[in-house]
file final09.json (JSON, N, CA and C atoms)
[["chain", "number", "residue", "atom", "x", "y", "z"],
["A", 565, "MET", "N", -1.38, -80.67, -12.47],
["A", 565, "MET", "CA", -0.79, -81.42, -11.38],
["A", 565, "MET", "C", -0.80, -80.56, -10.11],
["A", 566, "SER", "N", -1.22, -81.13, -9.01],
["A", 566, "SER", "CA", -1.28, -80.36, -7.78],
["A", 566, "SER", "C", 0.10, -80.19, -7.17],
["A", 567, "LYS", "N", 0.25, -79.13, -6.39],
["A", 567, "LYS", "CA", 1.54, -78.85, -5.76],
["A", 567, "LYS", "C", 1.59, -79.51, -4.39],
["A", 568, "VAL", "N", 1.70, -80.84, -4.40],
["A", 568, "VAL", "CA", 1.74, -81.63, -3.17],
["A", 568, "VAL", "C", 2.89, -82.62, -3.27],
["A", 569, "CYS", "N", 3.66, -82.75, -2.19],
["A", 569, "CYS", "CA", 4.77, -83.70, -2.16],
["A", 569, "CYS", "C", 4.22, -85.12, -2.13],
["A", 570, "ALA", "N", 4.75, -86.00, -2.98],
["A", 570, "ALA", "CA", 4.27, -87.38, -3.06],
["A", 570, "ALA", "C", 4.69, -88.20, -1.84],
["A", 571, "VAL", "N", 5.74, -87.79, -1.14],
["A", 571, "VAL", "CA", 6.25, -88.54, 0.01],
["A", 571, "VAL", "C", 5.64, -88.04, 1.32],
["A", 572, "THR", "N", 5.76, -86.75, 1.57],
["A", 572, "THR", "CA", 5.34, -86.19, 2.86],
["A", 572, "THR", "C", 3.93, -85.62, 2.85],
["A", 573, "GLY", "N", 3.40, -85.31, 1.68],
["A", 573, "GLY", "CA", 2.06, -84.71, 1.60],
["A", 573, "GLY", "C", 2.04, -83.22, 1.89],
["A", 574, "LYS", "N", 3.22, -82.58, 1.88],
["A", 574, "LYS", "CA", 3.28, -81.14, 2.14],
["A", 574, "LYS", "C", 2.54, -80.37, 1.05],
["A", 575, "LYS", "N", 1.83, -79.32, 1.48],
["A", 575, "LYS", "CA", 1.09, -78.46, 0.55],
["A", 575, "LYS", "C", 1.53, -77.02, 0.75],
["A", 576, "ALA", "N", 1.00, -76.14, -0.10],
["A", 576, "ALA", "CA", 1.29, -74.72, 0.02],
["A", 576, "ALA", "C", 0.65, -74.16, 1.29],
["A", 577, "LEU", "N", 1.35, -73.22, 1.93],
["A", 577, "LEU", "CA", 0.83, -72.54, 3.11],
["A", 577, "LEU", "C", 0.37, -71.15, 2.69],
["A", 578, "SER", "N", -0.61, -70.60, 3.40],
["A", 578, "SER", "CA", -1.08, -69.26, 3.09],
["A", 578, "SER", "C", -0.94, -68.37, 4.31],
["A", 579, "GLY", "N", -0.86, -67.08, 4.05],
["A", 579, "GLY", "CA", -0.73, -66.12, 5.12],
["A", 579, "GLY", "C", -0.89, -64.72, 4.57],
["A", 580, "ASN", "N", -0.35, -63.74, 5.27],
["A", 580, "ASN", "CA", -0.48, -62.35, 4.85],
["A", 580, "ASN", "C", 0.84, -61.79, 4.37],
["A", 581, "ARG", "N", 0.78, -61.00, 3.30],
["A", 581, "ARG", "CA", 1.92, -60.18, 2.89],
["A", 581, "ARG", "C", 1.75, -58.87, 3.62],
["A", 582, "ARG", "N", 2.80, -58.38, 4.24],
["A", 582, "ARG", "CA", 2.71, -57.15, 5.02],
["A", 582, "ARG", "C", 3.53, -56.05, 4.36],
["A", 583, "SER", "N", 2.88, -54.94, 4.06],
["A", 583, "SER", "CA", 3.59, -53.81, 3.47],
["A", 583, "SER", "C", 4.27, -53.01, 4.59],
["A", 584, "HIS", "N", 4.94, -51.96, 4.19],
["A", 584, "HIS", "CA", 5.62, -51.10, 5.17],
["A", 584, "HIS", "C", 4.63, -50.49, 6.16],
["A", 585, "SER", "N", 3.41, -50.21, 5.66],
["A", 585, "SER", "CA", 2.37, -49.64, 6.53],
["A", 585, "SER", "C", 1.57, -50.71, 7.25],
["A", 586, "LEU", "N", 2.02, -51.96, 7.15],
["A", 586, "LEU", "CA", 1.40, -53.14, 7.78],
["A", 586, "LEU", "C", 0.01, -53.46, 7.23],
["A", 587, "ARG", "N", -0.27, -52.99, 6.00],
["A", 587, "ARG", "CA", -1.51, -53.39, 5.32],
["A", 587, "ARG", "C", -1.37, -54.86, 4.94],
["A", 588, "ALA", "N", -2.38, -55.67, 5.18],
["A", 588, "ALA", "CA", -2.31, -57.11, 4.94],
["A", 588, "ALA", "C", -3.04, -57.50, 3.66],
["A", 589, "THR", "N", -2.34, -58.25, 2.80],
["A", 589, "THR", "CA", -2.96, -58.87, 1.64],
["A", 589, "THR", "C", -2.54, -60.33, 1.64],
["A", 590, "ARG", "N", -3.35, -61.18, 1.08],
["A", 590, "ARG", "CA", -3.09, -62.62, 1.14],
["A", 590, "ARG", "C", -1.94, -63.02, 0.22],
["A", 591, "ARG", "N", -1.16, -63.99, 0.66],
["A", 591, "ARG", "CA", -0.07, -64.53, -0.15],
["A", 591, "ARG", "C", 0.05, -66.03, 0.10],
["A", 592, "LYS", "N", 0.94, -66.66, -0.65],
["A", 592, "LYS", "CA", 1.08, -68.11, -0.60],
["A", 592, "LYS", "C", 2.55, -68.49, -0.59],
["A", 593, "TRP", "N", 2.90, -69.46, 0.24],
["A", 593, "TRP", "CA", 4.25, -70.05, 0.23],
["A", 593, "TRP", "C", 4.13, -71.42, -0.41],
["A", 594, "ASN", "N", 4.68, -71.57, -1.62],
["A", 594, "ASN", "CA", 4.61, -72.85, -2.31],
["A", 594, "ASN", "C", 5.71, -73.79, -1.84],
["A", 595, "VAL", "N", 5.47, -75.07, -2.01],
["A", 595, "VAL", "CA", 6.44, -76.10, -1.64],
["A", 595, "VAL", "C", 7.51, -76.17, -2.72],
["A", 596, "ASN", "N", 8.76, -76.40, -2.32],
["A", 596, "ASN", "CA", 9.87, -76.53, -3.26],
["A", 596, "ASN", "C", 9.87, -77.95, -3.83],
["A", 597, "LEU", "N", 9.07, -78.18, -4.88],
["A", 597, "LEU", "CA", 8.93, -79.52, -5.46],
["A", 597, "LEU", "C", 9.93, -79.74, -6.58],
["A", 598, "GLN", "N", 10.49, -80.95, -6.60],
["A", 598, "GLN", "CA", 11.43, -81.37, -7.63],
["A", 598, "GLN", "C", 10.89, -82.63, -8.29],
["A", 599, "LYS", "N", 11.04, -82.74, -9.60],
["A", 599, "LYS", "CA", 10.65, -83.97, -10.29],
["A", 599, "LYS", "C", 11.80, -84.96, -10.17],
["A", 600, "VAL", "N", 11.50, -86.14, -9.64],
["A", 600, "VAL", "CA", 12.53, -87.14, -9.36],
["A", 600, "VAL", "C", 12.12, -88.47, -9.95],
["A", 601, "ARG", "N", 13.10, -89.19, -10.46],
["A", 601, "ARG", "CA", 12.85, -90.53, -10.97],
["A", 601, "ARG", "C", 13.13, -91.52, -9.86],
["A", 602, "VAL", "N", 12.13, -92.32, -9.49],
["A", 602, "VAL", "CA", 12.24, -93.26, -8.38],
["A", 602, "VAL", "C", 11.75, -94.62, -8.85],
["A", 603, "VAL", "N", 12.38, -95.68, -8.35],
["A", 603, "VAL", "CA", 11.94, -97.04, -8.69],
["A", 603, "VAL", "C", 10.88, -97.46, -7.67],
["A", 604, "ILE", "N", 9.65, -97.67, -8.15],
["A", 604, "ILE", "CA", 8.55, -98.10, -7.30],
["A", 604, "ILE", "C", 8.01, -99.40, -7.87],
["A", 605, "ASP", "N", 8.01, -100.46, -7.06],
["A", 605, "ASP", "CA", 7.57, -101.79, -7.48],
["A", 605, "ASP", "C", 8.33, -102.28, -8.71],
["A", 606, "GLY", "N", 9.63, -101.98, -8.76],
["A", 606, "GLY", "CA", 10.48, -102.44, -9.85],
["A", 606, "GLY", "C", 10.37, -101.63, -11.13],
["A", 607, "LYS", "N", 9.55, -100.57, -11.13],
["A", 607, "LYS", "CA", 9.38, -99.75, -12.33],
["A", 607, "LYS", "C", 9.83, -98.32, -12.03],
["A", 608, "PRO", "N", 10.62, -97.73, -12.90],
["A", 608, "PRO", "CA", 10.99, -96.32, -12.68],
["A", 608, "PRO", "C", 9.79, -95.41, -12.94],
["A", 609, "GLN", "N", 9.52, -94.52, -11.99],
["A", 609, "GLN", "CA", 8.43, -93.56, -12.14],
["A", 609, "GLN", "C", 8.93, -92.17, -11.80],
["A", 610, "ARG", "N", 8.28, -91.17, -12.36],
["A", 610, "ARG", "CA", 8.65, -89.79, -12.07],
["A", 610, "ARG", "C", 7.61, -89.23, -11.09],
["A", 611, "ILE", "N", 8.09, -88.80, -9.92],
["A", 611, "ILE", "CA", 7.19, -88.24, -8.92],
["A", 611, "ILE", "C", 7.70, -86.86, -8.52],
["A", 612, "ARG", "N", 6.82, -86.09, -7.89],
["A", 612, "ARG", "CA", 7.19, -84.76, -7.41],
["A", 612, "ARG", "C", 7.40, -84.83, -5.90],
["A", 613, "VAL", "N", 8.62, -84.50, -5.48],
["A", 613, "VAL", "CA", 9.02, -84.63, -4.08],
["A", 613, "VAL", "C", 9.55, -83.27, -3.61],
["A", 614, "SER", "N", 9.27, -82.93, -2.36],
["A", 614, "SER", "CA", 9.81, -81.68, -1.82],
["A", 614, "SER", "C", 11.31, -81.83, -1.64],
["A", 615, "ALA", "N", 12.02, -80.71, -1.70],
["A", 615, "ALA", "CA", 13.48, -80.71, -1.59],
["A", 615, "ALA", "C", 13.92, -81.29, -0.24],
["A", 616, "ARG", "N", 13.19, -81.01, 0.81],
["A", 616, "ARG", "CA", 13.53, -81.52, 2.13],
["A", 616, "ARG", "C", 13.38, -83.05, 2.18],
["A", 617, "ALA", "N", 12.30, -83.58, 1.60],
["A", 617, "ALA", "CA", 12.09, -85.02, 1.57],
["A", 617, "ALA", "C", 13.16, -85.70, 0.71],
["A", 618, "LEU", "N", 13.54, -85.05, -0.39],
["A", 618, "LEU", "CA", 14.56, -85.59, -1.28],
["A", 618, "LEU", "C", 15.90, -85.69, -0.55],
["A", 619, "LYS", "N", 16.23, -84.67, 0.22],
["A", 619, "LYS", "CA", 17.47, -84.65, 0.99],
["A", 619, "LYS", "C", 17.47, -85.78, 2.02],
["A", 620, "THR", "N", 16.35, -86.01, 2.68],
["A", 620, "THR", "CA", 16.22, -87.09, 3.66],
["A", 620, "THR", "C", 16.35, -88.45, 3.00],
["A", 621, "LEU", "N", 15.71, -88.63, 1.84],
["A", 621, "LEU", "CA", 15.78, -89.91, 1.13],
["A", 621, "LEU", "C", 17.20, -90.22, 0.69],
["A", 622, "LYS", "N", 17.91, -89.19, 0.20],
["A", 622, "LYS", "CA", 19.30, -89.40, -0.22],
["A", 622, "LYS", "C", 20.18, -89.76, 0.97],
["A", 623, "ALA", "N", 19.96, -89.14, 2.13],
["A", 623, "ALA", "CA", 20.74, -89.43, 3.32],
["A", 623, "ALA", "C", 20.49, -90.86, 3.79],
["A", 624, "GLN", "N", 19.25, -91.34, 3.71],
["A", 624, "GLN", "CA", 18.93, -92.71, 4.09],
["A", 624, "GLN", "C", 19.57, -93.70, 3.14],
["A", 625, "GLN", "N", 19.63, -93.34, 1.87],
["A", 625, "GLN", "CA", 20.21, -94.22, 0.85],
["A", 625, "GLN", "C", 21.71, -94.37, 1.06],
["A", 626, "ILE", "N", 22.40, -93.29, 1.43],
["A", 626, "ILE", "CA", 23.85, -93.33, 1.66],
["A", 626, "ILE", "C", 24.17, -94.10, 2.93],
["A", 627, "ALA", "N", 23.30, -94.01, 3.95],
["A", 627, "ALA", "CA", 23.53, -94.66, 5.23],
["A", 627, "ALA", "C", 23.44, -96.20, 5.11],
["A", 628, "LYS", "N", 22.75, -96.69, 4.10],
["A", 628, "LYS", "CA", 22.59, -98.16, 3.94],
["A", 628, "LYS", "C", 23.89, -98.83, 3.57]]
call {"tool": "encode", "arguments": {"input": "final09.json", "output": "structure tokens"}}
result
Amino acid sequence: MSKVCAVTGKKALSGNRRSHSLRATRRKWNVNLQKVRVVIDGKPQRIRVSARALKTLKAQQIAK
């Protein structure tokens, strides 16, 4: 399964890890994905959603 948010499409970011001597090696920042049960088209499904998207969805649900 790929590390992509089902709602926002967020993916892992890449950049450099910097040591004390500022030597650069490649590193990766992964997305904080959570498995969530959501009702889609009347059927409960399990999708992977980023924590930020999950927080937004819950806030929208409470506001209704």
call {"tool": "residues_around", "arguments": {"input": "final09.json", "residues": "segment 591-608 of chain A", "least_positions_apart": "2", "cutoff": "8 Å", "atoms": "all atoms listed in the file", "output": "PyMOL selection string"}}
result
chain A and resi 567-569+574-582+588-589+610-616
call {"tool": "select_by_dssp", "arguments": {"input": "final09.json", "residues": "chain A", "states": "alpha helix (DSSP H)", "output": "list of chain:residue names"}}
result
A:Ala615, A:Arg616, A:Ala617, A:Leu618, A:Lys619, A:Thr620, A:Leu621, A:Lys622, A:Ala623, A:Gln624, A:Gln625, A:Ile626, A:Ala627
call {"tool": "atom_distance", "arguments": {"input": "final09.json", "atom1": "atom CA of Arg590 of chain A", "atom2": "atom CA of Ala570 of chain A"}}
result
26.2 Å
call {"tool": "atom_distance", "arguments": {"input": "final09.json", "atom1": "atom C of Thr572 of chain A", "atom2": "atom CA of Gln624 of chain A"}}
result
16.6 Å
call {"tool": "select_by_dssp", "arguments": {"input": "final09.json", "residues": "chain A", "states": "strand (DSSP E)", "output": "list in words"}}
result
Leu577, Ser578, Gly579, Asn580, Arg581, Arg582, Ala588, Thr589, Arg590, Arg591, Lys592, Trp593, Leu597, Gln598, Lys599, Val600, Arg601, Val602, Val603, Ile604, Lys607, Pro608, Gln609, Arg610, Ile611, Arg612, Val613 and Ser614 of chain A
call {"tool": "write_last_selection", "arguments": {"input": "final09.json", "atoms": "N, CA and C atoms", "output": "mmCIF file, in the coordinates of the input"}}
result
data_model
loop_
_atom_site.group_PDB
_atom_site.id
_atom_site.type_symbol
_atom_site.label_atom_id
_atom_site.label_comp_id
_atom_site.auth_asym_id
_atom_site.auth_seq_id
_atom_site.Cartn_x
_atom_site.Cartn_y
_atom_site.Cartn_z
ATOM 1 N N LEU A 577 1.350 -73.220 1.930
ATOM 2 C CA LEU A 577 0.830 -72.540 3.110
ATOM 3 C C LEU A 577 0.370 -71.150 2.690
ATOM 4 N N SER A 578 -0.610 -70.600 3.400
ATOM 5 C CA SER A 578 -1.080 -69.260 3.090
ATOM 6 C C SER A 578 -0.940 -68.370 4.310
ATOM 7 N N GLY A 579 -0.860 -67.080 4.050
ATOM 8 C CA GLY A 579 -0.730 -66.120 5.120
ATOM 9 C C GLY A 579 -0.890 -64.720 4.570
ATOM 10 N N ASN A 580 -0.350 -63.740 5.270
ATOM 11 C CA ASN A 580 -0.480 -62.350 4.850
ATOM 12 C C ASN A 580 0.840 -61.790 4.370
ATOM 13 N N ARG A 581 0.780 -61.000 3.300
ATOM 14 C CA ARG A 581 1.920 -60.180 2.890
ATOM 15 C C ARG A 581 1.750 -58.870 3.620
ATOM 16 N N ARG A 582 2.800 -58.380 4.240
ATOM 17 C CA ARG A 582 2.710 -57.150 5.020
ATOM 18 C C ARG A 582 3.530 -56.050 4.360
ATOM 19 N N ALA A 588 -2.380 -55.670 5.180
ATOM 20 C CA ALA A 588 -2.310 -57.110 4.940
ATOM 21 C C ALA A 588 -3.040 -57.500 3.660
ATOM 22 N N THR A 589 -2.340 -58.250 2.800
ATOM 23 C CA THR A 589 -2.960 -58.870 1.640
ATOM 24 C C THR A 589 -2.540 -60.330 1.640
ATOM 25 N N ARG A 590 -3.350 -61.180 1.080
ATOM 26 C CA ARG A 590 -3.090 -62.620 1.140
ATOM 27 C C ARG A 590 -1.940 -63.020 0.220
ATOM 28 N N ARG A 591 -1.160 -63.990 0.660
ATOM 29 C CA ARG A 591 -0.070 -64.530 -0.150
ATOM 30 C C ARG A 591 0.050 -66.030 0.100
ATOM 31 N N LYS A 592 0.940 -66.660 -0.650
ATOM 32 C CA LYS A 592 1.080 -68.110 -0.600
ATOM 33 C C LYS A 592 2.550 -68.490 -0.590
ATOM 34 N N TRP A 593 2.900 -69.460 0.240
ATOM 35 C CA TRP A 593 4.250 -70.050 0.230
ATOM 36 C C TRP A 593 4.130 -71.420 -0.410
ATOM 37 N N LEU A 597 9.070 -78.180 -4.880
ATOM 38 C CA LEU A 597 8.930 -79.520 -5.460
ATOM 39 C C LEU A 597 9.930 -79.740 -6.580
ATOM 40 N N GLN A 598 10.490 -80.950 -6.600
ATOM 41 C CA GLN A 598 11.430 -81.370 -7.630
ATOM 42 C C GLN A 598 10.890 -82.630 -8.290
ATOM 43 N N LYS A 599 11.040 -82.740 -9.600
ATOM 44 C CA LYS A 599 10.650 -83.970 -10.290
ATOM 45 C C LYS A 599 11.800 -84.960 -10.170
ATOM 46 N N VAL A 600 11.500 -86.140 -9.640
ATOM 47 C CA VAL A 600 12.530 -87.140 -9.360
ATOM 48 C C VAL A 600 12.120 -88.470 -9.950
ATOM 49 N N ARG A 601 13.100 -89.190 -10.460
ATOM 50 C CA ARG A 601 12.850 -90.530 -10.970
ATOM 51 C C ARG A 601 13.130 -91.520 -9.860
ATOM 52 N N VAL A 602 12.130 -92.320 -9.490
ATOM 53 C CA VAL A 602 12.240 -93.260 -8.380
ATOM 54 C C VAL A 602 11.750 -94.620 -8.850
ATOM 55 N N VAL A 603 12.380 -95.680 -8.350
ATOM 56 C CA VAL A 603 11.940 -97.040 -8.690
ATOM 57 C C VAL A 603 10.880 -97.460 -7.670
ATOM 58 N N ILE A 604 9.650 -97.670 -8.150
ATOM 59 C CA ILE A 604 8.550 -98.100 -7.300
ATOM 60 C C ILE A 604 8.010 -99.400 -7.870
ATOM 61 N N LYS A 607 9.550 -100.570 -11.130
ATOM 62 C CA LYS A 607 9.380 -99.750 -12.330
ATOM 63 C C LYS A 607 9.830 -98.320 -12.030
ATOM 64 N N PRO A 608 10.620 -97.730 -12.900
ATOM 65 C CA PRO A 608 10.990 -96.320 -12.680
ATOM 66 C C PRO A 608 9.790 -95.410 -12.940
ATOM 67 N N GLN A 609 9.520 -94.520 -11.990
ATOM 68 C CA GLN A 609 8.430 -93.560 -12.140
ATOM 69 C C GLN A 609 8.930 -92.170 -11.800
ATOM 70 N N ARG A 610 8.280 -91.170 -12.360
ATOM 71 C CA ARG A 610 8.650 -89.790 -12.070
ATOM 72 C C ARG A 610 7.610 -89.230 -11.090
ATOM 73 N N ILE A 611 8.090 -88.800 -9.920
ATOM 74 C CA ILE A 611 7.190 -88.240 -8.920
ATOM 75 C C ILE A 611 7.700 -86.860 -8.520
ATOM 76 N N ARG A 612 6.820 -86.090 -7.890
ATOM 77 C CA ARG A 612 7.190 -84.760 -7.410
ATOM 78 C C ARG A 612 7.400 -84.830 -5.900
ATOM 79 N N VAL A 613 8.620 -84.500 -5.480
ATOM 80 C CA VAL A 613 9.020 -84.630 -4.080
ATOM 81 C C VAL A 613 9.550 -83.270 -3.610
ATOM 82 N N SER A 614 9.270 -82.930 -2.360
ATOM 83 C CA SER A 614 9.810 -81.680 -1.820
ATOM 84 C C SER A 614 11.310 -81.830 -1.640
#
call {"tool": "atom_distance", "arguments": {"input": "final09.json", "atom1": "atom C of Ala623 of chain A", "atom2": "atom C of Ser566 of chain A"}}
result
25.5 Å
call {"tool": "build_atoms", "arguments": {"input": "final09.json", "residues": "segment 593-604 of chain A", "atoms": "all heavy atoms", "output": "compact mmCIF listing (two decimals), keeping the file's coordinate frame"}}
result
# COMPACT_ATOMS: atom_id res chain seq x y z
N TRP A 593 2.90 -69.46 0.24
CA TRP A 593 4.25 -70.05 0.23
C TRP A 593 4.13 -71.42 -0.41
O TRP A 593 3.55 -72.35 0.19
CB TRP A 593 4.79 -70.21 1.65
CG TRP A 593 5.23 -68.95 2.30
CD1 TRP A 593 6.48 -68.41 2.23
CD2 TRP A 593 4.45 -68.08 3.11
NE1 TRP A 593 6.52 -67.24 2.96
CE2 TRP A 593 5.27 -67.02 3.51
CE3 TRP A 593 3.12 -68.09 3.53
CZ2 TRP A 593 4.83 -65.99 4.32
CZ3 TRP A 593 2.68 -67.06 4.33
CH2 TRP A 593 3.53 -66.03 4.71
N ASN A 594 4.68 -71.57 -1.62
CA ASN A 594 4.61 -72.85 -2.31
C ASN A 594 5.71 -73.79 -1.84
O ASN A 594 6.73 -73.36 -1.32
CB ASN A 594 4.74 -72.65 -3.83
CG ASN A 594 3.47 -72.10 -4.43
OD1 ASN A 594 2.38 -72.49 -4.04
ND2 ASN A 594 3.61 -71.16 -5.35
N VAL A 595 5.47 -75.07 -2.01
CA VAL A 595 6.44 -76.10 -1.64
C VAL A 595 7.51 -76.17 -2.72
O VAL A 595 7.22 -76.02 -3.91
CB VAL A 595 5.73 -77.47 -1.51
CG1 VAL A 595 6.69 -78.53 -1.02
CG2 VAL A 595 4.55 -77.37 -0.58
N ASN A 596 8.76 -76.40 -2.32
CA ASN A 596 9.87 -76.53 -3.26
C ASN A 596 9.87 -77.95 -3.83
O ASN A 596 10.55 -78.84 -3.33
CB ASN A 596 11.19 -76.22 -2.54
CG ASN A 596 12.37 -76.22 -3.47
OD1 ASN A 596 12.23 -76.38 -4.68
ND2 ASN A 596 13.55 -76.08 -2.91
N LEU A 597 9.07 -78.18 -4.88
CA LEU A 597 8.93 -79.52 -5.46
C LEU A 597 9.93 -79.74 -6.58
O LEU A 597 10.18 -78.85 -7.38
CB LEU A 597 7.52 -79.71 -6.01
CG LEU A 597 6.40 -79.79 -4.98
CD1 LEU A 597 5.07 -79.96 -5.67
CD2 LEU A 597 6.62 -80.91 -4.00
N GLN A 598 10.49 -80.95 -6.60
CA GLN A 598 11.43 -81.37 -7.63
C GLN A 598 10.89 -82.63 -8.29
O GLN A 598 10.35 -83.50 -7.60
CB GLN A 598 12.80 -81.67 -7.02
CG GLN A 598 13.35 -80.54 -6.17
CD GLN A 598 13.65 -79.30 -6.98
OE1 GLN A 598 14.15 -79.39 -8.09
NE2 GLN A 598 13.34 -78.14 -6.42
N LYS A 599 11.04 -82.74 -9.60
CA LYS A 599 10.65 -83.97 -10.29
C LYS A 599 11.80 -84.96 -10.17
O LYS A 599 12.92 -84.66 -10.57
CB LYS A 599 10.34 -83.70 -11.76
CG LYS A 599 9.06 -82.95 -11.97
CD LYS A 599 8.79 -82.73 -13.43
CE LYS A 599 7.53 -81.91 -13.61
NZ LYS A 599 7.32 -81.54 -15.01
N VAL A 600 11.50 -86.14 -9.64
CA VAL A 600 12.53 -87.14 -9.36
C VAL A 600 12.12 -88.47 -9.95
O VAL A 600 10.94 -88.83 -9.96
CB VAL A 600 12.72 -87.30 -7.82
CG1 VAL A 600 13.80 -88.29 -7.52
CG2 VAL A 600 13.02 -85.98 -7.18
N ARG A 601 13.10 -89.19 -10.46
CA ARG A 601 12.85 -90.53 -10.97
C ARG A 601 13.13 -91.52 -9.86
O ARG A 601 14.24 -91.58 -9.34
CB ARG A 601 13.79 -90.78 -12.14
CG ARG A 601 13.22 -91.59 -13.22
CD ARG A 601 14.23 -91.60 -14.33
NE ARG A 601 13.76 -92.38 -15.43
CZ ARG A 601 14.12 -92.17 -16.66
NH1 ARG A 601 14.96 -91.20 -16.93
NH2 ARG A 601 13.67 -92.91 -17.62
N VAL A 602 12.13 -92.32 -9.49
CA VAL A 602 12.24 -93.26 -8.38
C VAL A 602 11.75 -94.62 -8.85
O VAL A 602 10.81 -94.71 -9.65
CB VAL A 602 11.37 -92.78 -7.19
CG1 VAL A 602 11.47 -93.74 -6.03
CG2 VAL A 602 11.78 -91.39 -6.77
N VAL A 603 12.38 -95.68 -8.35
CA VAL A 603 11.94 -97.04 -8.69
C VAL A 603 10.88 -97.46 -7.67
O VAL A 603 11.17 -97.58 -6.48
CB VAL A 603 13.12 -98.03 -8.69
CG1 VAL A 603 12.64 -99.43 -8.97
CG2 VAL A 603 14.16 -97.60 -9.71
N ILE A 604 9.65 -97.67 -8.15
CA ILE A 604 8.55 -98.10 -7.30
C ILE A 604 8.01 -99.40 -7.87
O ILE A 604 7.61 -99.46 -9.03
CB ILE A 604 7.43 -97.04 -7.25
CG1 ILE A 604 8.00 -95.73 -6.70
CG2 ILE A 604 6.27 -97.52 -6.42
CD1 ILE A 604 7.03 -94.58 -6.76
